[in-house]
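Chemist: Structure supplied as input.cif; contents: mmCIF, C-alpha atoms.
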```
data_entry
loop_
_atom_site.group_PDB
_atom_site.id
_atom_site.type_symbol
_atom_site.label_atom_id
_atom_site.label_comp_id
_atom_site.auth_asym_id
_atom_site.auth_seq_id
_atom_site.Cartn_x
_atom_site.Cartn_y
_atom_site.Cartn_z
ATOM 1 C CA MET I 828 99.446 62.655 -24.047
ATOM 2 C CA THR I 829 101.972 64.559 -26.140
ATOM 3 C CA HIS I 830 105.468 63.156 -26.215
ATOM 4 C CA GLN I 831 108.518 65.273 -25.665
ATOM 5 C CA PRO I 832 112.047 64.126 -26.461
ATOM 6 C CA GLU I 833 113.832 62.650 -23.444
ATOM 7 C CA PRO I 834 116.546 64.952 -22.082
ATOM 8 C CA ILE I 835 120.074 63.784 -22.844
ATOM 9 C CA LEU I 836 122.287 62.998 -19.866
ATOM 10 C CA PRO I 837 126.028 63.601 -19.763
ATOM 11 C CA PRO I 838 128.098 60.459 -20.564
ATOM 12 C CA GLU I 839 129.133 59.722 -16.949
ATOM 13 C CA LEU I 840 125.496 59.727 -15.811
ATOM 14 C CA ARG I 841 124.466 57.609 -18.802
ATOM 15 C CA GLU I 842 127.093 55.095 -17.752
ATOM 16 C CA LEU I 843 125.715 55.027 -14.222
ATOM 17 C CA GLU I 844 122.204 54.663 -15.634
ATOM 18 C CA ALA I 845 123.329 51.628 -17.649
ATOM 19 C CA GLU I 846 124.940 50.131 -14.548
ATOM 20 C CA LEU I 847 121.726 50.621 -12.587
ATOM 21 C CA ARG I 848 119.764 48.856 -15.324
ATOM 22 C CA GLN I 849 122.151 45.919 -15.176
ATOM 23 C CA SER I 850 121.832 45.719 -11.388
ATOM 24 C CA ARG I 851 118.064 45.216 -11.506
ATOM 25 C CA ALA I 852 116.769 42.335 -9.431
ATOM 26 C CA PRO I 853 115.317 39.272 -11.168
ATOM 27 C CA VAL I 854 111.565 38.729 -10.936
ATOM 28 C CA GLY I 855 110.325 35.641 -9.098
ATOM 29 C CA GLY I 856 108.532 33.178 -11.394
ATOM 30 C CA SER I 857 105.588 32.690 -9.036
ATOM 31 C CA LEU I 858 104.444 36.311 -9.072
ATOM 32 C CA GLY I 859 102.537 35.975 -12.351
ATOM 33 C CA LEU I 860 100.649 32.985 -10.992
ATOM 34 C CA LEU I 861 99.869 34.766 -7.716
ATOM 35 C CA VAL I 862 98.531 37.780 -9.588
ATOM 36 C CA GLN I 863 96.411 35.579 -11.861
ATOM 37 C CA GLN I 864 94.934 33.819 -8.829
ATOM 38 C CA ARG I 865 94.138 37.097 -7.065
ATOM 39 C CA VAL I 866 92.536 38.543 -10.204
ATOM 40 C CA ALA I 867 90.426 35.408 -10.752
ATOM 41 C CA ALA I 868 89.343 35.350 -7.077
ATOM 42 C CA GLU I 869 88.401 39.023 -7.232
ATOM 43 C CA LEU I 870 86.363 38.589 -10.410
ATOM 44 C CA ILE I 871 84.545 35.553 -8.986
ATOM 45 C CA SER I 872 83.745 37.211 -5.651
ATOM 46 C CA GLU I 873 82.544 40.324 -7.449
ATOM 47 C CA ARG I 874 80.183 38.312 -9.653
ATOM 48 C CA ARG I 875 78.942 36.331 -6.658
ATOM 49 C CA GLY I 876 78.327 39.553 -4.732
ATOM 50 C CA GLN I 877 76.435 41.060 -7.635
ATOM 51 C CA ARG I 878 74.218 37.986 -7.948
ATOM 52 C CA GLN I 879 73.557 38.023 -4.202
ATOM 53 C CA ARG I 880 72.551 41.688 -4.291
ATOM 54 C CA TRP I 881 70.075 41.024 -7.090
ATOM 55 C CA LEU I 882 68.632 38.091 -5.149
ATOM 56 C CA LEU I 883 68.234 40.284 -2.067
ATOM 57 C CA ALA I 884 66.552 43.011 -4.080
ATOM 58 C CA ALA I 885 64.162 40.418 -5.519
ATOM 59 C CA ALA I 886 63.463 39.004 -2.040
ATOM 60 C CA ALA I 887 62.714 42.502 -0.756
ATOM 61 C CA VAL I 888 60.253 43.154 -3.589
ATOM 62 C CA LEU I 889 58.575 39.832 -2.885
ATOM 63 C CA LEU I 890 58.278 40.667 0.802
ATOM 64 C CA VAL I 891 56.737 44.032 0.058
ATOM 65 C CA GLY I 892 54.263 42.359 -2.293
ATOM 66 C CA LEU I 893 53.271 39.858 0.384
ATOM 67 C CA HIS I 894 52.868 42.582 2.995
ATOM 68 C CA LEU I 895 50.843 44.798 0.707
ATOM 69 C CA SER I 896 48.534 41.893 -0.044
ATOM 70 C CA TRP I 897 48.174 41.166 3.646
ATOM 71 C CA TRP I 898 47.613 44.782 4.644
ATOM 72 C CA GLY I 899 45.185 45.126 1.767
ATOM 73 C CA ALA I 900 43.349 41.965 2.814
ATOM 74 C CA GLN I 901 43.050 43.302 6.351
ATOM 75 C CA SER I 902 41.297 46.383 5.054
ATOM 76 C CA GLY I 903 39.141 44.187 2.866
ATOM 77 C CA ALA I 904 40.104 45.743 -0.473
ATOM 78 C CA GLY I 905 43.170 43.727 -1.583
ATOM 79 C CA PHE I 906 46.683 44.687 -2.680
ATOM 80 C CA TRP I 907 45.878 48.145 -4.078
ATOM 81 C CA ALA I 908 44.209 49.378 -0.928
ATOM 82 C CA ALA I 909 47.259 48.817 1.262
ATOM 83 C CA PRO I 910 48.380 51.991 3.060
ATOM 84 C CA GLN I 911 49.735 54.585 0.670
ATOM 85 C CA PRO I 912 52.311 55.898 1.470
ATOM 86 C CA LEU I 913 54.104 53.412 3.739
ATOM 87 C CA HIS I 914 55.458 54.761 6.992
ATOM 88 C CA ALA I 915 58.830 54.190 8.606
ATOM 89 C CA GLY I 916 57.542 51.536 11.020
ATOM 90 C CA ARG I 917 56.395 49.286 8.199
ATOM 91 C CA VAL I 918 59.624 49.733 6.274
ATOM 92 C CA ALA I 919 61.534 48.834 9.443
ATOM 93 C CA GLN I 920 59.404 45.706 9.749
ATOM 94 C CA LEU I 921 60.237 44.755 6.143
ATOM 95 C CA ALA I 922 63.899 45.404 6.787
ATOM 96 C CA ALA I 923 63.857 43.163 9.856
ATOM 97 C CA GLU I 924 62.280 40.363 7.839
ATOM 98 C CA LEU I 925 64.849 40.833 5.120
ATOM 99 C CA ARG I 926 67.613 40.557 7.701
ATOM 100 C CA ALA I 927 66.071 37.356 8.972
ATOM 101 C CA LEU I 928 66.362 35.992 5.423
ATOM 102 C CA ALA I 929 69.955 37.247 4.985
ATOM 103 C CA PRO I 930 71.632 37.668 8.390
ATOM 104 C CA GLU I 931 74.857 38.947 6.813
ATOM 105 C CA LEU I 932 72.987 42.050 5.628
ATOM 106 C CA SER I 933 73.669 45.189 7.639
ATOM 107 C CA GLU I 934 70.711 47.023 9.142
ATOM 108 C CA ALA I 935 71.284 50.068 6.964
ATOM 109 C CA GLU I 936 71.459 47.950 3.811
ATOM 110 C CA ALA I 937 68.283 46.050 4.775
ATOM 111 C CA VAL I 938 66.419 49.329 5.285
ATOM 112 C CA ARG I 939 67.750 50.589 1.974
ATOM 113 C CA GLN I 940 66.649 47.459 0.111
ATOM 114 C CA ALA I 941 63.236 47.621 1.803
ATOM 115 C CA ARG I 942 62.735 51.245 0.756
ATOM 116 C CA LEU I 943 63.782 50.400 -2.784
ATOM 117 C CA ALA I 944 61.324 47.522 -2.852
ATOM 118 C CA VAL I 945 58.563 49.861 -1.626
ATOM 119 C CA LEU I 946 59.393 52.150 -4.522
ATOM 120 C CA ALA I 947 59.502 49.243 -6.945
ATOM 121 C CA ALA I 948 55.982 48.280 -5.815
ATOM 122 C CA GLY I 949 54.846 51.760 -6.802
ATOM 123 C CA ARG I 950 54.438 53.007 -3.228
ATOM 124 C CA ARG I 951 55.814 56.052 -1.586
ATOM 125 C CA TYR I 952 57.899 55.854 1.542
ATOM 126 C CA GLU I 953 57.369 58.560 4.123
ATOM 127 C CA GLY I 954 60.060 58.786 6.701
ATOM 128 C CA VAL I 955 63.432 60.159 7.518
ATOM 129 C CA GLY I 956 66.348 59.473 5.192
ATOM 130 C CA ALA I 957 64.661 59.546 1.815
ATOM 131 C CA LEU I 958 66.518 57.796 -0.972
ATOM 132 C CA PRO I 959 68.938 59.774 -3.069
ATOM 133 C CA ARG I 960 68.160 60.157 -6.741
ATOM 134 C CA PRO I 961 68.763 58.499 -9.108
ATOM 135 C CA TYR I 962 67.633 55.371 -7.292
ATOM 136 C CA GLN I 963 70.056 52.506 -7.495
ATOM 137 C CA LEU I 964 68.917 48.971 -6.996
ATOM 138 C CA THR I 965 72.332 47.723 -5.990
ATOM 139 C CA HIS I 966 75.518 49.000 -4.425
ATOM 140 C CA SER I 967 78.116 50.614 -6.586
ATOM 141 C CA LEU I 968 81.005 48.213 -7.167
ATOM 142 C CA ASP I 969 83.467 50.237 -5.096
ATOM 143 C CA MET T 184 97.054 36.654 -26.455
ATOM 144 C CA GLY T 185 99.224 38.503 -28.965
ATOM 145 C CA GLU T 186 100.469 42.052 -28.536
ATOM 146 C CA VAL T 187 97.400 44.297 -28.457
ATOM 147 C CA GLY T 188 97.211 48.083 -28.483
ATOM 148 C CA PRO T 189 96.628 49.964 -25.215
ATOM 149 C CA GLU T 190 93.081 50.933 -26.188
ATOM 150 C CA GLN T 191 92.055 47.376 -26.984
ATOM 151 C CA LEU T 192 93.739 46.127 -23.828
ATOM 152 C CA LEU T 193 91.873 48.714 -21.741
ATOM 153 C CA LYS T 194 88.600 47.643 -23.331
ATOM 154 C CA ARG T 195 89.248 43.989 -22.504
ATOM 155 C CA LEU T 196 90.277 44.870 -18.969
ATOM 156 C CA ALA T 197 87.116 46.911 -18.515
ATOM 157 C CA GLU T 198 85.122 43.857 -19.605
ATOM 158 C CA GLY T 199 86.849 41.796 -16.905
ATOM 159 C CA GLU T 200 88.492 39.388 -19.337
ATOM 160 C CA PRO T 201 91.039 37.317 -17.344
ATOM 161 C CA ALA T 202 93.326 36.918 -20.393
ATOM 162 C CA ALA T 203 93.623 40.701 -20.594
ATOM 163 C CA PHE T 204 94.916 40.832 -17.008
ATOM 164 C CA ALA T 205 97.440 38.116 -17.878
ATOM 165 C CA ALA T 206 98.552 40.111 -20.927
ATOM 166 C CA LEU T 207 98.852 43.205 -18.781
ATOM 167 C CA PHE T 208 100.994 41.324 -16.288
ATOM 168 C CA ASP T 209 103.265 40.051 -19.070
ATOM 169 C CA ARG T 210 103.757 43.609 -20.227
ATOM 170 C CA PHE T 211 104.055 45.447 -16.931
ATOM 171 C CA GLY T 212 104.399 42.875 -14.136
ATOM 172 C CA PRO T 213 108.211 42.639 -14.032
ATOM 173 C CA ARG T 214 108.580 46.421 -14.306
ATOM 174 C CA LEU T 215 106.081 46.998 -11.512
ATOM 175 C CA PHE T 216 107.747 44.388 -9.337
ATOM 176 C CA ARG T 217 111.235 45.853 -9.751
ATOM 177 C CA ALA T 218 109.990 49.361 -9.057
ATOM 178 C CA ALA T 219 108.148 48.111 -5.967
ATOM 179 C CA GLN T 220 111.267 46.349 -4.770
ATOM 180 C CA THR T 221 113.266 49.562 -5.084
ATOM 181 C CA LEU T 222 110.562 51.489 -3.254
ATOM 182 C CA LEU T 223 109.994 48.968 -0.481
ATOM 183 C CA GLY T 224 113.352 47.259 -0.156
ATOM 184 C CA ASN T 225 112.267 43.629 -0.220
ATOM 185 C CA ALA T 226 110.714 41.108 -2.589
ATOM 186 C CA ALA T 227 107.870 39.915 -0.353
ATOM 187 C CA ASP T 228 106.411 43.404 0.094
ATOM 188 C CA ALA T 229 107.032 44.159 -3.581
ATOM 189 C CA GLU T 230 104.978 41.093 -4.556
ATOM 190 C CA ASP T 231 102.167 42.232 -2.253
ATOM 191 C CA ALA T 232 102.236 45.702 -3.800
ATOM 192 C CA VAL T 233 101.995 44.316 -7.354
ATOM 193 C CA GLN T 234 99.107 42.051 -6.379
ATOM 194 C CA GLU T 235 97.320 45.028 -4.803
ATOM 195 C CA VAL T 236 97.725 46.965 -8.055
ATOM 196 C CA PHE T 237 95.995 44.220 -10.012
ATOM 197 C CA VAL T 238 93.211 43.759 -7.455
ATOM 198 C CA ALA T 239 92.596 47.527 -7.510
ATOM 199 C CA LEU T 240 92.546 47.368 -11.290
ATOM 200 C CA VAL T 241 89.834 44.679 -11.239
ATOM 201 C CA ARG T 242 87.762 46.758 -8.812
ATOM 202 C CA SER T 243 88.058 49.997 -10.728
ATOM 203 C CA ARG T 244 87.912 48.572 -14.234
ATOM 204 C CA SER T 245 84.628 50.317 -15.056
ATOM 205 C CA ARG T 246 86.513 53.607 -14.904
ATOM 206 C CA LEU T 247 89.395 52.496 -17.120
ATOM 207 C CA TRP T 248 87.976 54.272 -20.153
ATOM 208 C CA GLN T 249 89.075 57.532 -18.506
ATOM 209 C CA VAL T 250 92.705 56.421 -18.374
ATOM 210 C CA GLU T 251 94.965 58.422 -20.623
ATOM 211 C CA SER T 252 98.242 56.619 -20.004
ATOM 212 C CA LEU T 253 98.080 53.017 -18.836
ATOM 213 C CA PRO T 254 101.714 52.921 -17.591
ATOM 214 C CA ALA T 255 101.191 56.104 -15.579
ATOM 215 C CA TYR T 256 97.929 54.746 -14.163
ATOM 216 C CA LEU T 257 99.556 51.472 -13.106
ATOM 217 C CA PHE T 258 102.607 53.069 -11.543
ATOM 218 C CA ALA T 259 100.506 55.654 -9.711
ATOM 219 C CA SER T 260 98.507 52.762 -8.300
ATOM 220 C CA LEU T 261 101.746 50.986 -7.365
ATOM 221 C CA ARG T 262 102.939 54.115 -5.619
ATOM 222 C CA ARG T 263 99.781 54.171 -3.494
ATOM 223 C CA SER T 264 100.093 50.459 -2.666
ATOM 224 C CA ALA T 265 103.756 50.849 -1.802
ATOM 225 C CA GLY T 266 102.857 53.832 0.390
ATOM 226 C CA ARG T 267 100.295 51.782 2.308
ATOM 227 C CA ILE T 268 102.705 48.862 2.709
ATOM 228 C CA GLY T 269 105.470 51.254 3.717
ATOM 229 C CA GLU T 270 103.216 52.686 6.433
ATOM 230 C CA ARG T 271 102.511 49.174 7.703
ATOM 231 C CA GLN T 272 106.267 48.478 7.687
ATOM 232 C CA ALA T 273 106.881 51.630 9.701
ATOM 233 C CA ARG T 274 104.239 50.658 12.268
ATOM 234 C CA ALA T 275 105.509 47.073 12.568
ATOM 235 C CA PRO T 276 108.020 46.436 15.370
ATOM 236 C CA ARG T 277 111.551 46.369 14.006
ATOM 237 C CA THR T 278 112.556 42.761 14.414
ATOM 238 C CA SER T 279 116.001 41.467 13.648
ATOM 239 C CA LEU T 280 114.431 39.983 10.497
ATOM 240 C CA ASN T 281 113.340 43.444 9.259
ATOM 241 C CA VAL T 282 116.749 44.884 9.871
ATOM 242 C CA ALA T 283 118.410 41.963 8.160
ATOM 243 C CA GLY T 284 116.011 42.339 5.252
ATOM 244 C CA GLU T 285 117.021 45.943 4.781
ATOM 245 C CA ALA T 286 120.703 45.253 5.076
ATOM 246 C CA ILE T 287 121.028 42.108 3.030
ATOM 247 C CA ALA T 288 118.360 42.954 0.484
ATOM 248 C CA SER T 289 116.053 40.105 -0.273
ATOM 249 C CA ARG T 290 115.079 37.080 -2.273
ATOM 250 C CA GLY T 291 116.745 37.071 -5.651
ATOM 251 C CA GLU T 292 119.445 39.348 -4.420
ATOM 252 C CA SER T 293 120.805 37.515 -1.433
ATOM 253 C CA ASP T 294 123.712 36.170 -3.390
ATOM 254 C CA ALA T 295 124.389 39.523 -5.023
ATOM 255 C CA PRO T 296 127.453 40.673 -3.044
ATOM 256 C CA GLY T 297 129.510 37.696 -4.142
ATOM 257 C CA ALA T 298 128.213 37.680 -7.687
ATOM 258 C CA ASN T 299 128.407 41.351 -8.378
ATOM 259 C CA GLU T 300 129.544 43.557 -5.557
ATOM 260 C CA ARG T 301 129.220 46.780 -7.502
ATOM 261 C CA ALA T 302 125.642 46.034 -8.572
ATOM 262 C CA HIS T 303 124.743 45.191 -4.993
ATOM 263 C CA TRP T 304 126.370 48.360 -3.710
ATOM 264 C CA LEU T 305 124.428 50.402 -6.254
ATOM 265 C CA ARG T 306 121.072 48.935 -5.203
ATOM 266 C CA MET T 307 121.901 49.653 -1.576
ATOM 267 C CA ALA T 308 122.929 53.201 -2.478
ATOM 268 C CA VAL T 309 119.587 53.708 -4.254
ATOM 269 C CA ARG T 310 117.792 52.592 -1.102
ATOM 270 C CA ARG T 311 119.668 55.191 0.912
ATOM 271 C CA LEU T 312 118.467 58.009 -1.371
ATOM 272 C CA PRO T 313 115.724 60.330 -0.080
ATOM 273 C CA PRO T 314 112.249 58.919 -0.979
ATOM 274 C CA GLU T 315 111.584 61.427 -3.783
ATOM 275 C CA GLN T 316 114.822 60.531 -5.541
ATOM 276 C CA ARG T 317 114.473 56.812 -4.925
ATOM 277 C CA GLU T 318 111.033 57.067 -6.467
ATOM 278 C CA VAL T 319 112.258 58.583 -9.729
ATOM 279 C CA ILE T 320 115.011 55.956 -9.987
ATOM 280 C CA ALA T 321 112.389 53.247 -9.410
ATOM 281 C CA LEU T 322 110.106 54.669 -12.088
ATOM 282 C CA LYS T 323 112.808 55.349 -14.658
ATOM 283 C CA ILE T 324 115.215 52.447 -14.223
ATOM 284 C CA ASP T 325 112.897 49.708 -12.979
ATOM 285 C CA GLY T 326 109.607 50.922 -14.400
ATOM 286 C CA GLU T 327 111.167 51.994 -17.718
ATOM 287 C CA LEU T 328 108.855 55.001 -17.860
ATOM 288 C CA THR T 329 109.456 58.062 -19.987
ATOM 289 C CA PHE T 330 109.710 61.420 -18.208
ATOM 290 C CA GLN T 331 106.274 62.213 -19.571
ATOM 291 C CA GLU T 332 104.865 59.068 -17.953
ATOM 292 C CA MET T 333 106.796 59.709 -14.751
ATOM 293 C CA ALA T 334 105.347 63.202 -14.617
ATOM 294 C CA ALA T 335 101.815 61.840 -15.014
ATOM 295 C CA THR T 336 102.501 59.235 -12.320
ATOM 296 C CA LEU T 337 103.880 61.708 -9.820
ATOM 297 C CA GLY T 338 101.672 64.668 -10.665
ATOM 298 C CA ILE T 339 104.627 66.897 -11.500
ATOM 299 C CA SER T 340 105.926 68.430 -14.734
ATOM 300 C CA PRO T 341 108.148 66.358 -17.050
ATOM 301 C CA HIS T 342 110.852 68.957 -16.506
ATOM 302 C CA THR T 343 110.718 68.468 -12.729
ATOM 303 C CA ALA T 344 110.748 64.676 -13.179
ATOM 304 C CA ALA T 345 113.837 64.917 -15.380
ATOM 305 C CA SER T 346 115.631 67.281 -12.979
ATOM 306 C CA ARG T 347 114.810 65.089 -9.992
ATOM 307 C CA TYR T 348 116.127 62.051 -11.842
ATOM 308 C CA ARG T 349 119.319 63.770 -12.849
ATOM 309 C CA TYR T 350 119.837 65.000 -9.317
ATOM 310 C CA ALA T 351 119.369 61.452 -7.999
ATOM 311 C CA LEU T 352 121.930 60.108 -10.477
ATOM 312 C CA GLU T 353 124.393 62.829 -9.497
ATOM 313 C CA LYS T 354 123.924 61.969 -5.853
ATOM 314 C CA LEU T 355 124.578 58.300 -6.608
ATOM 315 C CA ARG T 356 127.656 59.150 -8.634
ATOM 316 C CA GLU T 357 128.950 61.262 -5.771
ATOM 317 C CA ALA T 358 128.314 58.418 -3.294
ATOM 318 C CA ALA T 359 130.148 56.019 -5.640
ATOM 319 C CA ARG T 360 133.082 58.425 -5.862
ATOM 320 C CA ARG T 361 133.288 58.689 -2.060
ATOM 321 C CA GLU T 362 133.035 54.917 -1.765
ATOM 322 C CA SER T 363 135.946 54.403 -4.174
ATOM 323 C CA VAL T 364 138.071 56.955 -2.262
ATOM 324 C CA GLU T 365 137.391 55.192 1.046
#
```
Hey, can you dump this file as C-alpha cells for me?
Modeler:
Amino acid sequence: MTHQPEPILPPELRELEAELRQSRAPVGGSLGLLVQQRVAAELISERRGQRQRWLLAAAAVLLVGLHLSWWGAQSGAGFWAAPQPLHAGRVAQLAAELRALAPELSEAEAVRQARLAVLAAGRRYEGVGALPRPYQLTHSLD
Amino acid sequence: MGEVGPEQLLKRLAEGEPAAFAALFDRFGPRLFRAAQTLLGNAADAEDAVQEVFVALVRSRSRLWQVESLPAYLFASLRRSAGRIGERQARAPRTSLNVAGEAIASRGESDAPGANERAHWLRMAVRRLPPEQREVIALKIDGELTFQEMAATLGISPHTAASRYRYALEKLREAARRESVE
C-alpha cells in the first residue's frame, strides 16, 4: 500500500478534531480478557473438531474395509473380490453405520465420508452426486 | 511479546499462536472498541463487535497471508460485525432501556455530562450524524486510521474518505455553532 500525505485541515476543524479525540470513551479493562477467552475457546474447539473429523474419516475407512472383507468372503474370494465399483445402496448402508457410530453427524456428511472411504479403499463409487475434485478428506475450516 | 512487525504478527496469527492474538489486541483492541462504540452507541454491543472481530480472525487465519493492510482488514471486519449487531438492534423491540442507552450513552460515559459537558455533547452529536459520516469519524478519530487505511476499509478512494471526513467535521462544527447560539 502506497502512502499519501494526509490532507491538512483548516485550523478550526483541527481544533474540533482534537476535541473529539479528547472526548473518546475509556475502554473497559475486562474486554482484553473476554477477547482472550473467546480466542482460546475458538482455537480449542477448532482443534477438537479437526481431530473428530479425522477420527470419523478413519472410522469410515475401517467400516469400508470390514464390509469389503465381508462382501468378498460371501463371494468366496476375499477382500479384493468385493463388488467393484460400489453402488449407491452400499454407500448408503456404510453411511448409516457411520451415523450409528457418530449420531451428531449429518446424513450428507456421513454419505460424504463413506464415499471418501470407498475411494480411499481404492474402489469406485457409482451413483448420483459424485465427489468434487480435488477430493478432500475433511471439511474446510470455514 | 515485544513490538513485532505486521508481517511477523500476521505469520504468528496464521499459526494460531494465542500470544499473537493478545499482542494484536494490545495494539488494536482499544481503537476497535472505541470505533465500535461510536458506530453502535453503547459499550455492551461494542464489546460484542470486538469479540466477533477476533473470533472471525481465528476462523479465517489461514487466509491472513493475503492481507495487505492489517488495520484496514480489522476495521473492515469490525464494520461487518457492527452492521450485523446494528441489524439485530433494529429488529429488537425498543424498550425503555434501549432508548435510555441511546440518550445517556453507556458504561464509561454515564458520568460524562457532569464531568465534561462539551465532550459529552460532541459524542452525542457524532451519533446524530448520518451513518456514512459517523463511520469516517469512528475510523479516523477512534480507530486512528490514515485516509489510505480508511479508504481500504470502506472500499472508496482516499480522496473520497478525506472529503467525507471533512464534511462530517464541518457538519459537527455547524451543529456546535447552532448549539452555542441556542
Chemist: Can you check which residues of chain I have any atom within 8 Å of chain T? Use only C-alpha atoms and format it as a ChimeraX atom specification.
Modeler: /I:828,830-831,833-834,836,840,843-844,846-855,858-859,861-863,865-867,869-870,968-969
Chemist: Run the PyMOL selection byres ((chain I and resi 944) around 8) mentally over the shown coordinates, then write out the matched residues as a PDB file with C-alpha atoms, in the coordinates of the input, using the chain letters and numbers from the document.
Modeler:
```pdb
ATOM      1  CA  ALA I 884      66.552  43.011  -4.080  1.00  0.00           C
ATOM      2  CA  ALA I 887      62.714  42.502  -0.756  1.00  0.00           C
ATOM      3  CA  VAL I 888      60.253  43.154  -3.589  1.00  0.00           C
ATOM      4  CA  VAL I 891      56.737  44.032   0.058  1.00  0.00           C
ATOM      5  CA  GLN I 940      66.649  47.459   0.111  1.00  0.00           C
ATOM      6  CA  ALA I 941      63.236  47.621   1.803  1.00  0.00           C
ATOM      7  CA  ARG I 942      62.735  51.245   0.756  1.00  0.00           C
ATOM      8  CA  LEU I 943      63.782  50.400  -2.784  1.00  0.00           C
ATOM      9  CA  VAL I 945      58.563  49.861  -1.626  1.00  0.00           C
ATOM     10  CA  LEU I 946      59.393  52.150  -4.522  1.00  0.00           C
ATOM     11  CA  ALA I 947      59.502  49.243  -6.945  1.00  0.00           C
ATOM     12  CA  ALA I 948      55.982  48.280  -5.815  1.00  0.00           C
TER      13      ALA I 948
END
```
Chemist: Leaving out I:Ala927 and any residue of its chain fewer than 5 positions from it, which residues lie within 12 Å of it when counting only C-alpha atoms, given as a PyMOL selection string?
Modeler: chain I and resi 883+886-887+890+920-922+932-934+937
Chemist: Around all of stretch 857-875 of chain I's listed atoms, make the axis-aligned box with 6 Å on each side and tell me centre and edge lengths in Å to one decimal, as lines of an AutoDock Vina configuration file.
Modeler:
```
center_x = 92.3
center_y = 36.5
center_z = -9.0
size_x = 38.6
size_y = 19.6
size_z = 18.7
```
Chemist: Quote the spacing between atom CA of I:Gln877 and atom CA of I:Arg939 in Å to one decimal place.
Modeler: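 Going from atom CA of I:Gln877 over to atom CA of I:Arg939 covers 16.1 Å.
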Chemist: Using atom CA of I:Arg878 and atom CA of T:Arg246 as the two end points, give the distance in Å to one decimal.
Modeler: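 Straight-line distance from atom CA of I:Arg878 to atom CA of T:Arg246 works out to 21.1 Å.
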Chemist: Quick check, in Å to one decimal: how far apart do atom CA of I:Glu936 and atom CA of I:Ala915 lie?
Modeler: 14.9 Å
Chemist: With 12 Å as the threshold, what does the neighbourhood of (100.5, 56.4, -3.3) contain in terms of residues, counting all atoms listed in the file? Coordinates are those of the file; answer as an MDAnalysis selection string.
Modeler: chainID T and resid 219 222 232 235:236 256:270 318 336:338
Chemist: Write out the residues from the selection above, keeping C-alpha atoms, as a JSON list (two decimals), in the frame of the given file.
Modeler:
```json
[["chain", "number", "residue", "atom", "x", "y", "z"],
["T", 219, "ALA", "CA", 108.15, 48.11, -5.97],
["T", 222, "LEU", "CA", 110.56, 51.49, -3.25],
["T", 232, "ALA", "CA", 102.24, 45.70, -3.80],
["T", 235, "GLU", "CA", 97.32, 45.03, -4.80],
["T", 236, "VAL", "CA", 97.72, 46.96, -8.06],
["T", 256, "TYR", "CA", 97.93, 54.75, -14.16],
["T", 257, "LEU", "CA", 99.56, 51.47, -13.11],
["T", 258, "PHE", "CA", 102.61, 53.07, -11.54],
["T", 259, "ALA", "CA", 100.51, 55.65, -9.71],
["T", 260, "SER", "CA", 98.51, 52.76, -8.30],
["T", 261, "LEU", "CA", 101.75, 50.99, -7.36],
["T", 262, "ARG", "CA", 102.94, 54.12, -5.62],
["T", 263, "ARG", "CA", 99.78, 54.17, -3.49],
["T", 264, "SER", "CA", 100.09, 50.46, -2.67],
["T", 265, "ALA", "CA", 103.76, 50.85, -1.80],
["T", 266, "GLY", "CA", 102.86, 53.83, 0.39],
["T", 267, "ARG", "CA", 100.30, 51.78, 2.31],
["T", 268, "ILE", "CA", 102.70, 48.86, 2.71],
["T", 269, "GLY", "CA", 105.47, 51.25, 3.72],
["T", 270, "GLU", "CA", 103.22, 52.69, 6.43],
["T", 318, "GLU", "CA", 111.03, 57.07, -6.47],
["T", 336, "THR", "CA", 102.50, 59.24, -12.32],
["T", 337, "LEU", "CA", 103.88, 61.71, -9.82],
["T", 338, "GLY", "CA", 101.67, 64.67, -10.66]]
```
Chemist: Kindly add N, CA, C and O atoms to the incomplete stretch 189-196 of chain T and provide the output as a JSON list (two decimals), in the frame of the given file.
Modeler:
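Listing of part.json after writing:
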```json
[["chain", "number", "residue", "atom", "x", "y", "z"],
["T", 189, "PRO", "N", 97.10, 49.57, -26.54],
["T", 189, "PRO", "CA", 96.63, 49.96, -25.22],
["T", 189, "PRO", "C", 95.12, 50.14, -25.14],
["T", 189, "PRO", "O", 94.49, 49.74, -24.17],
["T", 190, "GLU", "N", 94.53, 50.68, -26.22],
["T", 190, "GLU", "CA", 93.08, 50.93, -26.19],
["T", 190, "GLU", "C", 92.29, 49.63, -26.13],
["T", 190, "GLU", "O", 91.34, 49.49, -25.38],
["T", 191, "GLN", "N", 92.75, 48.67, -26.96],
["T", 191, "GLN", "CA", 92.06, 47.38, -26.98],
["T", 191, "GLN", "C", 92.24, 46.64, -25.65],
["T", 191, "GLN", "O", 91.32, 46.01, -25.14],
["T", 192, "LEU", "N", 93.46, 46.78, -25.11],
["T", 192, "LEU", "CA", 93.74, 46.13, -23.83],
["T", 192, "LEU", "C", 92.85, 46.72, -22.73],
["T", 192, "LEU", "O", 92.27, 46.00, -21.93],
["T", 193, "LEU", "N", 92.72, 48.05, -22.73],
["T", 193, "LEU", "CA", 91.87, 48.71, -21.74],
["T", 193, "LEU", "C", 90.42, 48.24, -21.86],
["T", 193, "LEU", "O", 89.75, 48.02, -20.87],
["T", 194, "LYS", "N", 89.98, 48.09, -23.10],
["T", 194, "LYS", "CA", 88.60, 47.64, -23.33],
["T", 194, "LYS", "C", 88.40, 46.24, -22.75],
["T", 194, "LYS", "O", 87.41, 45.97, -22.07],
["T", 195, "ARG", "N", 89.37, 45.37, -23.01],
["T", 195, "ARG", "CA", 89.25, 43.99, -22.50],
["T", 195, "ARG", "C", 89.34, 43.95, -20.98],
["T", 195, "ARG", "O", 88.66, 43.15, -20.34],
["T", 196, "LEU", "N", 90.17, 44.80, -20.43],
["T", 196, "LEU", "CA", 90.28, 44.87, -18.97],
["T", 196, "LEU", "C", 88.95, 45.35, -18.38],
["T", 196, "LEU", "O", 88.47, 44.80, -17.40]]
```
